[in-house]
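First up is the structure itself, then whatever we jot down about it.
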Amino acid sequence: MADTQEIVSVLTESRVFPPPAKFSQRAHIRSMEDYQRLWDEAEKDPRKYWGDRAREELFWKEPFQTVLDWKPPHARWFVEGKTNLAYNCLDRHLPKLKDKPAILFEGEPGDRRAITYGELSQQVNRLANGLKSLGVKKGDRVGIYLPMVPEAAVAMLACARLGAVHSVVFGGFSAEALQERMKDAGVKVLLTADGGWRKGAVVPLMKNVEAALTHATGIEKVVVLTRTGDGKLPEGPKFLAWDALVKGQSDTCEPEWVESEHPLFILYTSGSTGKPKGVLHTTAGYAMNTSLTTRWVFDLREDDVYWCTADVGWVTGHSYVVYGPLMNGVTTVLYEGAPTQPGPDRFWDIIERYKVSILYTAPTAIRAFMRLGDGPVKQHDLSSLRLLGSVGEPINPEAWMWYRDVIGGGRCPVVDTWWQTETGCIMVSPLPGATPTKPGSATFPLPGIHAEILDRDGKRVPRGQGGLLFVTKPWPSMLRTVYGDPERYVNTYFSELPGMYFTGDGARTDADGYVWLMGRVDDVVNVAGHRLGTAEVESALVAHAKVAEAAVVGRPDDLKGTALVAFVTLKQGNAPSDALKKELATHVGKEIGAIARPDEIRFAEGLPKTRSGKIMRRLLRDVAAGNHSTQDTTTLEDLNVLAALRQNDE
Ligand code: 6R9
């Protein structure tokens, strides 16, 4: 839930920053009149609007006739068309951009590689041919568990070229999390590496893969890239070296021309209940929206050096590290490691050396840099920057101002972009040449995106009031289903108000109609920009032999946005201790990944419950935050439990 302090501070925010005139003059969208014109066009005839965009944005092997087939809540876009996303990212640029860097890579240890569009295209084709030789065909699922190295992009594009469906798992996830996802997606081939570099140490990807393979996963082959080790493979016929697979493969590969609605990828994300959901995106709608929003929101120009710091394991990495920039033919920076390795100025050093012009990062990172002070920033020349973006969680006005003033030198527009794994692309965001920005507001929905703030009855809430954020009309890059669980798609996203997509976020508009995001209204928390379901962490905790019951809630945190607090009751015969706290935290790390490790574990005799036995998380949120609850406790089964939890506080 939103931090109340945050809400107060954004409510009183009155600063407005119009786009710098020099920026607007050269921008794709130059004024609010231009924005309004596009908005009206999309509103008047959405099929014409999106159809035109799709024809402009993509190369079509076969044209579509039907822009949208909408049987709520199921959408099919650009129905008869055929295209290929790898072709759109690479081949169509080659006549002009063959020798232009597509990727500027920097490893954490300092190794560097520049890969041109020509070279990237060859690498993708070789790997695609290699995958074919392993029997990968259109529609097969391929797992990707790699560090942030160029091969991660190569792997995604090779899948897209073959019409295989990729499922990337963030390298920070554990063996258990990997195994669960691979099994759910029915992955046939897994592309991985021996390890990756993070904070000067090796992330043991291969070890995790081996552990995952001790369970049934259905994986037939594991292709291993050498990154950190000596190239020795684990024993067994499943394992194959990446180099050996691509060696001798042809560097041309005919793209598989797929239908618009052919699945492109499955990406697992946390929900309010149960296991992570496999969000499924299809080809053409996703590609079109991603390409368009990258150009408009980041106001891309041919000579931009664009750096999105997200990992390819998250949707931001899919849409705005790999597909969006490459579809637009710009140069994208890929950095493997931690932001402060080896020193607090690593990011600024990278920006200075590569002359990065657009930086897109998360509020958590910005707040962490803010804490380090202006010193590390001032050591570097950041004058190449012309635009700054933020994503992943609400950005507090103070961090926004620091970003603008200290990183952007006061001259770069800041775009705070709201979107989700499910939306595929940016939905609510300033257009930097047009929109006057306010620190902490994502401003307005993009043209054609009907993001609306409604109450539970579907009525639009008046300006100034809070409500739930819905998207009331379909858009091309919306998720199509939850992989393997079509009912969950309907229940999770379209049951609050039938036919309308529920985001899970609370939001309000101010007197000028600006949108202010207020955080999740469900049991999803955003820890350091990483999306987690409290239910997942709870189920990891109760899987521990000593734990009877667990409830996990978010607590506002200056740095991470939200910190995780776990309330745990123990099975009889087990005593609370600091050692056990450590053991439980490690256990969660093993079950899910380090990002899910609770920041605080509190042992309790009992958890507050309603008479029907539901844990009252809203009360626990107050206890965790140290607030005296003003909430209604009439349904609380045992008031003593609450009193005891509070006492533990003192
Ligand atoms: C892209 C991404 C989605 C959730 C979303 C919301 C939060 C993302 C935000 C933001 C406020 C922004 N979120 N961007 N909240 N302002 N600019 O992060 O996808 O990992 O699926 O998370 O993140 O709560 O619902 P994902």
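By convention here, the chains of the structure tokens are called A, B, ... in the order presented, each chain's residues are numbered starting at 1, and ligands are numbered starting at 1 in the order presented.
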
Within 7 Å of ligand 1, which residues of chain A show up? Give each one with its shortest atom-to-atom distance in Å (one decimal) and the two atoms involved, counting only C-alpha atoms and all ligand atoms, rows by chain then rising residue number, as a tab-separated table.
```
residue	atom	partner	partner_atom_place_in_ligand_line	distance
A:Thr269	CA	ligand 1	21 (O)	6.4
A:Trp314	CA	ligand 1	20 (O)	6.4
A:Val315	CA	ligand 1	19 (O)	6.0
A:Thr316	CA	ligand 1	1 (C)	5.4
A:Ser390	CA	ligand 1	17 (N)	6.2
A:Val391	CA	ligand 1	17 (N)	4.5
A:Gly392	CA	ligand 1	18 (O)	3.5
A:Glu393	CA	ligand 1	10 (C)	3.5
A:Pro394	CA	ligand 1	11 (C)	3.4
A:Ile395	CA	ligand 1	16 (N)	6.3
A:Asp416	CA	ligand 1	17 (N)	5.0
A:Thr417	CA	ligand 1	17 (N)	4.2
A:Trp418	CA	ligand 1	17 (N)	3.6
A:Trp419	CA	ligand 1	1 (C)	4.8
A:Gln420	CA	ligand 1	19 (O)	3.5
A:Thr421	CA	ligand 1	21 (O)	3.7
A:Glu422	CA	ligand 1	21 (O)	6.4
A:Ala442	CA	ligand 1	17 (N)	6.1
A:Thr503	CA	ligand 1	25 (O)	6.1
A:Gly504	CA	ligand 1	25 (O)	6.0
A:Asp505	CA	ligand 1	25 (O)	5.4
A:Leu517	CA	ligand 1	11 (C)	5.0
A:Met518	CA	ligand 1	11 (C)	6.8
A:Gly519	CA	ligand 1	24 (O)	5.1
A:Arg520	CA	ligand 1	24 (O)	5.0
A:Asn526	CA	ligand 1	23 (O)	6.5
A:Gly529	CA	ligand 1	18 (O)	6.7
A:His530	CA	ligand 1	20 (O)	6.0
A:Arg531	CA	ligand 1	20 (O)	5.0
```

Find, counting only C-alpha atoms, the residue in A:Pro72, A:Gly229, A:Gly135, A:Pro339 that gets nearest to Glu108 (chain A).
A:Pro339

When you look at Arg353 (chain A) with a cut-off of 12 Å (counting only C-alpha atoms), what residues show up, excluding the ones that are within fewer than 2 positions of it in the same chain? I need them as a ChimeraX atom specification.
/A:104,106,112,305,333,346-351,355-357,380-385

Serialized selection, N, CA and C atoms, as a tab-separated table (two decimals), in the first residue's frame:
```
chain	number	residue	atom	x	y	z
A	104	LEU	N	26.55	-1.68	-27.07
A	104	LEU	CA	27.83	-1.37	-26.44
A	104	LEU	C	27.81	-2.09	-25.10
A	106	GLU	N	29.44	-3.59	-21.59
A	106	GLU	CA	30.51	-3.49	-20.60
A	106	GLU	C	30.24	-4.50	-19.49
A	112	ARG	N	35.01	-5.01	-22.48
A	112	ARG	CA	34.09	-4.25	-23.34
A	112	ARG	C	33.99	-4.86	-24.72
A	305	VAL	N	22.74	7.54	-27.89
A	305	VAL	CA	23.30	6.38	-27.19
A	305	VAL	C	22.39	6.20	-25.99
A	333	VAL	N	23.18	0.51	-24.69
A	333	VAL	CA	24.27	0.13	-23.79
A	333	VAL	C	23.79	-1.02	-22.90
A	346	ARG	N	30.41	4.20	-10.91
A	346	ARG	CA	30.45	3.36	-12.10
A	346	ARG	C	29.46	3.82	-13.18
A	347	PHE	N	28.23	4.11	-12.77
A	347	PHE	CA	27.22	4.55	-13.75
A	347	PHE	C	27.68	5.81	-14.48
A	348	TRP	N	28.21	6.75	-13.70
A	348	TRP	CA	28.55	8.07	-14.28
A	348	TRP	C	29.76	7.95	-15.18
A	349	ASP	N	30.63	7.01	-14.80
A	349	ASP	CA	31.79	6.71	-15.62
A	349	ASP	C	31.33	6.15	-16.98
A	350	ILE	N	30.38	5.23	-16.93
A	350	ILE	CA	29.86	4.63	-18.17
A	350	ILE	C	29.22	5.70	-19.04
A	351	ILE	N	28.44	6.58	-18.44
A	351	ILE	CA	27.76	7.63	-19.20
A	351	ILE	C	28.78	8.55	-19.88
A	355	LYS	N	29.27	8.42	-23.82
A	355	LYS	CA	28.47	9.59	-24.20
A	355	LYS	C	26.99	9.24	-24.29
A	356	VAL	N	26.51	8.63	-23.22
A	356	VAL	CA	25.10	8.22	-23.16
A	356	VAL	C	24.22	9.46	-23.21
A	357	SER	N	23.19	9.43	-24.06
A	357	SER	CA	22.32	10.61	-24.18
A	357	SER	C	20.98	10.39	-23.49
A	380	HIS	N	32.42	13.38	-12.99
A	380	HIS	CA	32.26	13.00	-14.40
A	380	HIS	C	31.52	14.05	-15.21
A	381	ASP	N	31.82	14.02	-16.50
A	381	ASP	CA	31.16	14.93	-17.43
A	381	ASP	C	29.91	14.22	-17.97
A	382	LEU	N	28.76	14.68	-17.53
A	382	LEU	CA	27.52	14.03	-17.95
A	382	LEU	C	26.78	14.89	-18.98
A	383	SER	N	27.53	15.74	-19.67
A	383	SER	CA	26.86	16.69	-20.56
A	383	SER	C	26.25	16.02	-21.80
A	384	SER	N	26.60	14.74	-22.03
A	384	SER	CA	25.98	14.04	-23.18
A	384	SER	C	24.51	13.73	-22.92
A	385	LEU	N	24.11	13.69	-21.66
A	385	LEU	CA	22.72	13.32	-21.34
A	385	LEU	C	21.74	14.39	-21.84
```

Excluding Tyr483 (chain A) and any residue of its chain fewer than 2 positions from it, enumerate the residues within 9 Å of it, using only C-alpha atoms, and give them as a ChimeraX atom specification.
/A:184-185,266,277-280,480-481,485-486,489

Near-region 19-25 of chain A list (6 Å; only C-alpha atoms; drop same-chain fewer than 4 positions) as a list in words
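Those residues are Arg30, Gly433 and Pro436 of chain A.
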
DSSP on the backbone, alpha helix (DSSP H) only: what residues of region 286-374 of chain A does that give? Format it as JSON, numbers by chain.
{"A": [286, 287, 288, 289, 290, 291, 292, 293, 294, 295, 296, 297, 315, 316, 317, 324, 325, 326, 327, 346, 347, 348, 349, 350, 351, 352, 353, 354, 363, 364, 365, 366, 367, 368, 369, 370, 371]}

Those same residues, written as an mmCIF file, in the first residue's frame with C-alpha atoms?
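Okay, this is what ended up in part_7.cif:
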```cif
data_model
loop_
_atom_site.group_PDB
_atom_site.id
_atom_site.type_symbol
_atom_site.label_atom_id
_atom_site.label_comp_id
_atom_site.auth_asym_id
_atom_site.auth_seq_id
_atom_site.Cartn_x
_atom_site.Cartn_y
_atom_site.Cartn_z
ATOM 1 C CA TYR A 286 3.789 -6.106 -28.631
ATOM 2 C CA ALA A 287 6.374 -5.223 -31.272
ATOM 3 C CA MET A 288 4.419 -2.245 -32.584
ATOM 4 C CA ASN A 289 3.648 -0.717 -29.189
ATOM 5 C CA THR A 290 7.187 -1.256 -27.933
ATOM 6 C CA SER A 291 8.760 0.305 -30.984
ATOM 7 C CA LEU A 292 6.412 3.290 -30.925
ATOM 8 C CA THR A 293 6.678 4.038 -27.216
ATOM 9 C CA THR A 294 10.475 3.789 -27.244
ATOM 10 C CA ARG A 295 10.644 6.426 -29.954
ATOM 11 C CA TRP A 296 8.013 8.737 -28.515
ATOM 12 C CA VAL A 297 8.741 8.536 -24.807
ATOM 13 C CA VAL A 315 9.914 -6.814 -18.675
ATOM 14 C CA THR A 316 11.765 -3.491 -18.822
ATOM 15 C CA GLY A 317 14.766 -5.395 -20.127
ATOM 16 C CA GLY A 324 12.353 -1.234 -28.465
ATOM 17 C CA PRO A 325 15.789 0.281 -29.088
ATOM 18 C CA LEU A 326 16.785 -2.292 -31.714
ATOM 19 C CA MET A 327 13.544 -1.851 -33.619
ATOM 20 C CA ARG A 346 30.451 3.355 -12.103
ATOM 21 C CA PHE A 347 27.225 4.547 -13.751
ATOM 22 C CA TRP A 348 28.553 8.068 -14.283
ATOM 23 C CA ASP A 349 31.787 6.714 -15.624
ATOM 24 C CA ILE A 350 29.860 4.630 -18.168
ATOM 25 C CA ILE A 351 27.760 7.634 -19.205
ATOM 26 C CA GLU A 352 30.842 9.778 -19.694
ATOM 27 C CA ARG A 353 32.800 7.173 -21.659
ATOM 28 C CA TYR A 354 29.998 6.101 -24.014
ATOM 29 C CA PRO A 363 13.829 5.156 -8.397
ATOM 30 C CA THR A 364 15.560 2.712 -6.052
ATOM 31 C CA ALA A 365 18.832 3.234 -7.872
ATOM 32 C CA ILE A 366 18.296 6.996 -7.891
ATOM 33 C CA ARG A 367 17.653 7.039 -4.132
ATOM 34 C CA ALA A 368 20.739 4.905 -3.490
ATOM 35 C CA PHE A 369 22.878 7.314 -5.525
ATOM 36 C CA MET A 370 21.336 10.251 -3.734
ATOM 37 C CA ARG A 371 22.531 8.798 -0.449
#
```

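Distances from A:Thr273, A:Phe173, A:Ala241, A:Ala54 to Ala596 (chain A) were compared using only C-alpha atoms, and the smallest one belongs to A:Phe173.
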
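When only C-alpha atoms are used to compute distances to Leu240 (chain A), the closest of the residues A:Asp194, A:Glu80, A:Asp304, A:Asp455 turns out to be A:Asp194.
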
Give me the residues within 10 Å of Ser577 (chain A) as a count of residues only, counting only C-alpha atoms and dropping any in the same chain fewer than 5 places off.
3

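With CA of Val552 (chain A) on one side and CA of Thr534 (chain A) on the other, the separation reads 5.4 Å.
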
Could you name the residues that touch Arg555 (chain A) at 9 Å or less, counting only C-alpha atoms, but leaving out those on the same chain fewer than 6 positions away, as a PDB file with N, CA, C and O atoms, in the first residue's frame?
```pdb
ATOM      1  N   MET A   1       0.845  -1.196   0.000  1.00  0.00           N
ATOM      2  CA  MET A   1       0.000   0.000   0.000  1.00  0.00           C
ATOM      3  C   MET A   1       0.880   1.245   0.000  1.00  0.00           C
ATOM      4  O   MET A   1       2.022   1.224   0.413  1.00  0.00           O
ATOM      5  N   ASP A   3       2.610   4.604   0.893  1.00  0.00           N
ATOM      6  CA  ASP A   3       3.090   5.224   2.106  1.00  0.00           C
ATOM      7  C   ASP A   3       2.305   6.523   2.299  1.00  0.00           C
ATOM      8  O   ASP A   3       2.218   7.355   1.404  1.00  0.00           O
ATOM      9  N   GLY A 561      11.922   1.755  -1.263  1.00  0.00           N
ATOM     10  CA  GLY A 561      10.505   2.003  -1.542  1.00  0.00           C
ATOM     11  C   GLY A 561       9.661   1.211  -0.569  1.00  0.00           C
ATOM     12  O   GLY A 561       8.929   1.745   0.243  1.00  0.00           O
ATOM     13  N   THR A 562       9.807  -0.112  -0.630  1.00  0.00           N
ATOM     14  CA  THR A 562       9.123  -0.984   0.317  1.00  0.00           C
ATOM     15  C   THR A 562      10.122  -2.011   0.827  1.00  0.00           C
ATOM     16  O   THR A 562      10.921  -2.533   0.053  1.00  0.00           O
ATOM     17  N   ALA A 563      10.081  -2.277   2.137  1.00  0.00           N
ATOM     18  CA  ALA A 563      10.883  -3.356   2.707  1.00  0.00           C
ATOM     19  C   ALA A 563       9.930  -4.478   3.118  1.00  0.00           C
ATOM     20  O   ALA A 563       8.750  -4.231   3.373  1.00  0.00           O
ATOM     21  N   LEU A 564      10.421  -5.692   3.172  1.00  0.00           N
ATOM     22  CA  LEU A 564       9.573  -6.830   3.528  1.00  0.00           C
ATOM     23  C   LEU A 564       9.683  -7.145   5.012  1.00  0.00           C
ATOM     24  O   LEU A 564      10.781  -7.323   5.539  1.00  0.00           O
ATOM     25  N   VAL A 565       8.542  -7.233   5.668  1.00  0.00           N
ATOM     26  CA  VAL A 565       8.525  -7.646   7.066  1.00  0.00           C
ATOM     27  C   VAL A 565       7.722  -8.947   7.155  1.00  0.00           C
ATOM     28  O   VAL A 565       6.592  -9.017   6.661  1.00  0.00           O
ATOM     29  N   ARG A 621       0.406  -4.486   8.457  1.00  0.00           N
ATOM     30  CA  ARG A 621       1.107  -3.395   7.776  1.00  0.00           C
ATOM     31  C   ARG A 621       1.306  -2.216   8.722  1.00  0.00           C
ATOM     32  O   ARG A 621       2.360  -1.604   8.763  1.00  0.00           O
ATOM     33  N   ASP A 622       0.266  -1.926   9.495  1.00  0.00           N
ATOM     34  CA  ASP A 622       0.375  -0.840  10.468  1.00  0.00           C
ATOM     35  C   ASP A 622       1.395  -1.167  11.546  1.00  0.00           C
ATOM     36  O   ASP A 622       2.189  -0.326  11.948  1.00  0.00           O
ATOM     37  N   ALA A 624       3.903  -3.196  11.315  1.00  0.00           N
ATOM     38  CA  ALA A 624       5.234  -3.194  10.701  1.00  0.00           C
ATOM     39  C   ALA A 624       5.751  -1.772  10.535  1.00  0.00           C
ATOM     40  O   ALA A 624       6.928  -1.491  10.728  1.00  0.00           O
ATOM     41  N   ALA A 625       4.846  -0.860  10.204  1.00  0.00           N
ATOM     42  CA  ALA A 625       5.252   0.525   9.963  1.00  0.00           C
ATOM     43  C   ALA A 625       5.373   1.310  11.268  1.00  0.00           C
ATOM     44  O   ALA A 625       5.781   2.466  11.267  1.00  0.00           O
TER      45      ALA A 625
END
```

Please determine, counting only C-alpha atoms, which residue among A:Ser121, A:Thr226, A:Ser167, A:Thr192 has the shortest atom-to-atom distance to Glu254 (chain A).
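Using only C-alpha atoms, the shortest distance to Glu254 (chain A) belongs to A:Ser121.
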
Just checking: using only C-alpha atoms, which residue out of A:Pro73, A:Pro342, A:Gly593, A:Gly81 ends up closest to Ala201 (chain A)?
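Of A:Pro73, A:Pro342, A:Gly593, A:Gly81, the one nearest Ala201 (chain A), counting only C-alpha atoms, is A:Pro342.
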
Option closest in space to Gly554 (chain A), from A:Lys581, A:Arg618, A:Ala211, A:Tyr335 [counting only C-alpha atoms]
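Checking each of A:Lys581, A:Arg618, A:Ala211, A:Tyr335 against Gly554 (chain A), counting only C-alpha atoms, the winner is A:Arg618.
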
Pull the closest atom pair for each residue of region 224-301 of chain A that gets at most 9 Å from region 85-91 of chain A, along with the distance in Å to one decimal, counting only C-alpha atoms, ordering rows by chain and then ascending residue number, as CSV.
```
residue,atom,partner,partner_atom,distance
A:Pro255,CA,A:Tyr87,CA,6.8
A:Leu264,CA,A:Leu85,CA,8.7
A:Thr283,CA,A:Leu85,CA,7.0
A:Ala284,CA,A:Leu85,CA,7.8
A:Ala287,CA,A:Leu85,CA,6.8
```
